[in-house]
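The next block holds one structure in the form of structure tokens; read it before the comments.
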Amino acid sequence: MTRTDELGDVPGGRRRTVLISGASIAGPALAFWLNRYGFAVTVVEKAGALREGGYPIDVRGTALDVVRRMGILPRLRDAHIDLRRLTFLDEDGAEVASLAPNSVTGGVAGADLEIRRGALADALYAAVRDDVEFLFDDSIDTLDQHRHGADVTFRRGGSRTFDLVVGADGLHSHTRGLVFGPEERFHRYLGYCFAGFTLPNTFGLVRETTLWNAPGRAAVLYAVGDGGDVHGFLTFARPQPPLGAFRDPESQRDLVEGVFADAGWEVPGMLAAMRTADDLFFDVVSQIRMPRWADGRVALVGDAAYASSFLTGQGSSLALVGAYMLAGSLAAERDHTAAFAAYERDSRTFVTLNQDLVGTGDALLFPTTARALEERNDLLRGLAATPPAAEGRPAHGALVLPEFTPTAALSSGRTDV
């Protein structure tokens with residue numbers, strides 16, 4: 001990728017500088033577009049390197065147009081998992097229904113992408129690594145805004161001044177905490193906790209997912225290939241988030257084991273695998289809902305601003321679309337205040353529509369009562385007899401990507417905008 005020539009350095013001026021915190025999905029995607037528009041971009045990431053592998057994620061609707069415009073769609077098509085079957089089991093392990101995954105996700109067969117999170121991160125990084133500065137194993141320590149920029153000190157030492165700072169550092173965003181305040185102001189707990197880990201595929205699963213349900217509890221085995229490991233998930237309803245468990249992995253394991261102690265099917269083996277797993281990830285199912293996504297010279301994008309939860313299947317798609325919209329707004333407007341306002345004005349309806357899909361997700365995947373579970377099972381049996389819809393959920397493609405026209409202010413050398 002090369003920068004747009006007319007937006008590069010000009011005599012007596014400099015390109016505007018942007019620091020992005022986070023190098024998962026939203027961060028590199030934003031870096032790609034900002035670099036294309038002529039900004040000088042630095043990405044800081046607390047991990048020592050890109051995170052490889054990871055559970056599968058979906059790219060649908062408007063987000064497909066984003067990756068097409070980035071030129072990485074063919075690479076992502078090659079990495080597509082092509083999940084073939086989603087099987088639901090009752091509490092005794094008997095099959096309730098076996099469906100095409102799109103029947104439940106609302107996706108479009110042959111159009112949507114399902115890939116490992118690491119494969120998407122690798123493709124985004126490869127598209128921009130030669131043109132953008134990456135600082136791994138580091139993070140923002142302090143951030144002080146003023147009229148002419150934002151002074152940042154880094155955890156590993158040193159300080160720099162940037163024109164703008166963007167938090168793309170996820171659900172538990174450190175950048176958001178520094179600028180907007182504690183997470184609990186914006187955190188919307190959806191009533192579930194989950195533990196994710198990998199375990200050997202001794203189940204004969206091939207590019208398929210099996211989901212066992214009891215009221216308020218679910219166990220999932222997710223095979224992205226035809227051998228090796230599978231992703232295991234244990235999810236359960238809880239009225240209040242177990243805040244104490246977040247400080248201690250052993251407490252997390254004890255909590256999950258207690259909830260699933262009497263469960264049948266393959267759950268006992270999953271609990272044993274969880275006990276020794278070195279990649280256990282425990283969290284609550286939640287969203288971030290904020291009244292505004294920018295403050296002064298700092299903006300948020302992706303999960304940091306509007307996490308949708310895995311119940312919607314739209315987290316990565318919102319990150320990709322949000323990155324495109326934020327970068328384009330910054331390129332098209334002469335000052336960052338107007339740009340941030342345009343980004344929110346033109347993106348919020350799309351974000352809200354997709355966050356609101358959560359109601360459909362929890363009803364299908366995690367019913368909390370015996371009656372709700374039986375009603376869900378009746379619905380699934382009906383879906384099994386109905387061909388998947390040819391079009392995805394309207395929310396997935398509710399935003400048509402605009403074309404942005406960059407302004408000359410990008411390379412004017414002004415630092416007071």
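Convention: chains lettered A, B, ... in structure tokens order; per-chain residue numbering from 1; ligands numbered from 1 as shown.
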Spatial neighbours of Val358 of chain A, max dist 10 Å, only C-alpha atoms, sep filter under 3 positions, as a ChimeraX atom specification: /A:190,286-287,308-314,353-355,361-363
For those residues, write C-alpha atoms to a file as a PDB file, in the first residue's frame.
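Writing done, so here's out.pdb:
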```
ATOM      1  CA  LEU A 190     -26.295  -8.741  29.704  1.00  0.00           C
ATOM      2  CA  SER A 286     -21.775  -7.250  27.924  1.00  0.00           C
ATOM      3  CA  GLN A 287     -21.970  -4.170  25.756  1.00  0.00           C
ATOM      4  CA  SER A 308     -21.911  -5.313  20.844  1.00  0.00           C
ATOM      5  CA  SER A 309     -21.184  -8.695  22.564  1.00  0.00           C
ATOM      6  CA  PHE A 310     -20.769 -12.039  20.835  1.00  0.00           C
ATOM      7  CA  LEU A 311     -24.541 -12.557  21.039  1.00  0.00           C
ATOM      8  CA  THR A 312     -24.885 -10.263  18.004  1.00  0.00           C
ATOM      9  CA  GLY A 313     -21.954 -11.717  16.037  1.00  0.00           C
ATOM     10  CA  GLN A 314     -21.214  -8.167  14.845  1.00  0.00           C
ATOM     11  CA  LEU A 353     -29.245  -1.366  15.133  1.00  0.00           C
ATOM     12  CA  ASN A 354     -26.544  -4.016  15.452  1.00  0.00           C
ATOM     13  CA  GLN A 355     -26.219  -3.732  19.225  1.00  0.00           C
ATOM     14  CA  GLY A 361     -29.016 -13.764  20.259  1.00  0.00           C
ATOM     15  CA  ASP A 362     -29.724 -14.568  23.884  1.00  0.00           C
ATOM     16  CA  ALA A 363     -33.177 -15.954  23.104  1.00  0.00           C
TER      17      ALA A 363
END
```
For the interface of segment 197-278 of chain A with segment 32-53 of chain A (cut-off 12 Å, counting only C-alpha atoms), please tabulate each contacting residue of segment 197-278 of chain A alongside its nearest pair of atoms and their separation in Å to one decimal, rows sorted by chain and increasing number, as JSON lines.
```
{"residue": "A:Phe197", "atom": "CA", "partner": "A:Gly53", "partner_atom": "CA", "distance": 12.0}
{"residue": "A:Thr198", "atom": "CA", "partner": "A:Gly53", "partner_atom": "CA", "distance": 10.9}
{"residue": "A:Val224", "atom": "CA", "partner": "A:Gly53", "partner_atom": "CA", "distance": 10.9}
{"residue": "A:Asp229", "atom": "CA", "partner": "A:Gly53", "partner_atom": "CA", "distance": 11.4}
{"residue": "A:Val230", "atom": "CA", "partner": "A:Gly53", "partner_atom": "CA", "distance": 11.8}
{"residue": "A:His231", "atom": "CA", "partner": "A:Gly53", "partner_atom": "CA", "distance": 10.9}
```
Same residues, N, CA, C and O atoms, saved as a PDB file, in the first residue's frame:
```pdb
ATOM      1  N   PHE A 197     -11.831 -21.742  26.074  1.00  0.00           N
ATOM      2  CA  PHE A 197     -10.535 -22.423  26.121  1.00  0.00           C
ATOM      3  C   PHE A 197     -10.491 -23.421  24.978  1.00  0.00           C
ATOM      4  O   PHE A 197     -11.508 -23.683  24.324  1.00  0.00           O
ATOM      5  N   THR A 198      -9.323 -23.973  24.694  1.00  0.00           N
ATOM      6  CA  THR A 198      -9.213 -25.014  23.673  1.00  0.00           C
ATOM      7  C   THR A 198      -8.979 -26.351  24.343  1.00  0.00           C
ATOM      8  O   THR A 198      -8.436 -26.444  25.453  1.00  0.00           O
ATOM      9  N   VAL A 224     -13.232 -25.726  14.051  1.00  0.00           N
ATOM     10  CA  VAL A 224     -13.031 -24.912  12.854  1.00  0.00           C
ATOM     11  C   VAL A 224     -12.371 -25.708  11.735  1.00  0.00           C
ATOM     12  O   VAL A 224     -12.328 -25.249  10.588  1.00  0.00           O
ATOM     13  N   ASP A 229      -7.481 -29.235  17.657  1.00  0.00           N
ATOM     14  CA  ASP A 229      -8.212 -28.758  18.814  1.00  0.00           C
ATOM     15  C   ASP A 229      -9.593 -28.245  18.426  1.00  0.00           C
ATOM     16  O   ASP A 229      -9.879 -27.962  17.260  1.00  0.00           O
ATOM     17  N   VAL A 230     -10.450 -28.124  19.424  1.00  0.00           N
ATOM     18  CA  VAL A 230     -11.732 -27.447  19.279  1.00  0.00           C
ATOM     19  C   VAL A 230     -11.783 -26.322  20.303  1.00  0.00           C
ATOM     20  O   VAL A 230     -11.068 -26.341  21.318  1.00  0.00           O
ATOM     21  N   HIS A 231     -12.629 -25.335  20.024  1.00  0.00           N
ATOM     22  CA  HIS A 231     -12.880 -24.276  20.995  1.00  0.00           C
ATOM     23  C   HIS A 231     -14.026 -24.722  21.894  1.00  0.00           C
ATOM     24  O   HIS A 231     -15.085 -25.137  21.409  1.00  0.00           O
TER      25      HIS A 231
END
```
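Omitting segment 238-243 of chain A and its sequence neighbours fewer than 3 positions away, and counting only C-alpha atoms, the residues within 8 Å are Tyr189, Gly191, Tyr192, Cys193, Phe246, Arg247 and Val284 of chain A.
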Going by DSSP on the backbone, which residues of segment 173-405 of chain A come out as helix (DSSP H, G or I)? List them as a PyMOL selection string. chain A and resi 174-180+183-185+243-247+249-259+267-276+303-306+315-332+336-355+358-365+370-384+394-397
If you count only C-alpha atoms, which residues fall within 10 Å of Leu19 of chain A, apart from same-chain ones fewer than 3 positions away, as a ChimeraX atom specification? /A:22,27,31,40-44,133-134,140,150,152,160-167,298
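Across A:Ala26, A:Ile72, A:Val301, A:Ala245, the tightest approach to Phe282 of chain A is made by A:Ala245 when counting only C-alpha atoms.
Put simply, atom CA of Leu99 of chain A is 25.9 Å away from atom CA of Phe260 of chain A.
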Distance query Ile288 of chain A at most 8 Å, only C-alpha atoms, self and fewer than 6 positions along chain excluded, as a PyMOL selection string: chain A and resi 171+186-188+303-308
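When only C-alpha atoms are used to compute distances to Arg116 of chain A, the closest of the residues A:Arg334, A:Arg77, A:His174, A:Arg85 turns out to be A:Arg77.
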Segment 71-213 of chain A: residues DSSP assigns to strand (DSSP E or B), reported as a ChimeraX atom specification: /A:85-89,95-99,113-116,133-136,140-146,149-154,159-162,164-167,187-200,208-213
